[in-house]
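Below is one structure; the comments refer to it alone.
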Amino acid sequence: MLPGAGEYSILDTDYEQYAILWSCSDLGFFHADLIWVMGRDKDLPAEVRHKIYTSLQELGFDPEILVLTNHKNCPPQF
């Protein structure tokens, strides 16, 4: 299995706006924690992002390393 393929855990969700997914890859000499934040909308409100960052901190992850995706030129939602 390729690193990050198929082995995911849902760390937190509010069942309405977001879910935090996590996967861990360990190739002996290389270790990576992969985190995805999935939202029902393209852009999450600031208060929801704050809740996500707080949850990540409580789980021992540094939310400062996350990169917000710019959806400005993405096609409209289906």
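By order of appearance in the structure tokens: chains A, B, ..., then residues from 1 within every chain, and ligands from 1 in the order shown.
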
Could you pull out the alpha helix (DSSP H) residues of chain A from DSSP and send them as JSON, numbers by chain?
{"A": [46, 47, 48, 49, 50, 51, 52, 53, 54, 55, 56, 57, 58]}

Report as a list in words all protein, DNA and RNA residues lying within 12 Å of stretch 40-48 of chain A, evaluated on only C-alpha atoms, omitting residues in the same chain fewer than 3 positions from it.
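Listed by chain and then number, they are Thr13, Asp14, Tyr15, Glu16, Gln17, Tyr18, Ala19, Ile20, Val37, Lys51, Ile52, Tyr53, Thr54, Ser55, Leu68, Thr69, Asn70, His71, Lys72, Asn73, Cys74, Pro75, Pro76, Gln77 and Phe78 of chain A.
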
To one decimal place, how far is atom CA of A:Glu58 from atom CA of A:Cys24 in Å?
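We find that atom CA of A:Glu58 and atom CA of A:Cys24 lie 17.9 Å from each other.
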
Just list as number ranges by chain whatever in chain A DSSP marks as strand (DSSP E or B).
A: 9-13, 18-26, 31-39

Skipping near chain neighbours, those fewer than 2 positions away, what residues fall within 7 Å of A:Leu11 using only C-alpha atoms, listed as a list of chain:residue names?
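Here the answer would be A:Ser9, A:Ile20, A:Leu21, A:Trp22.
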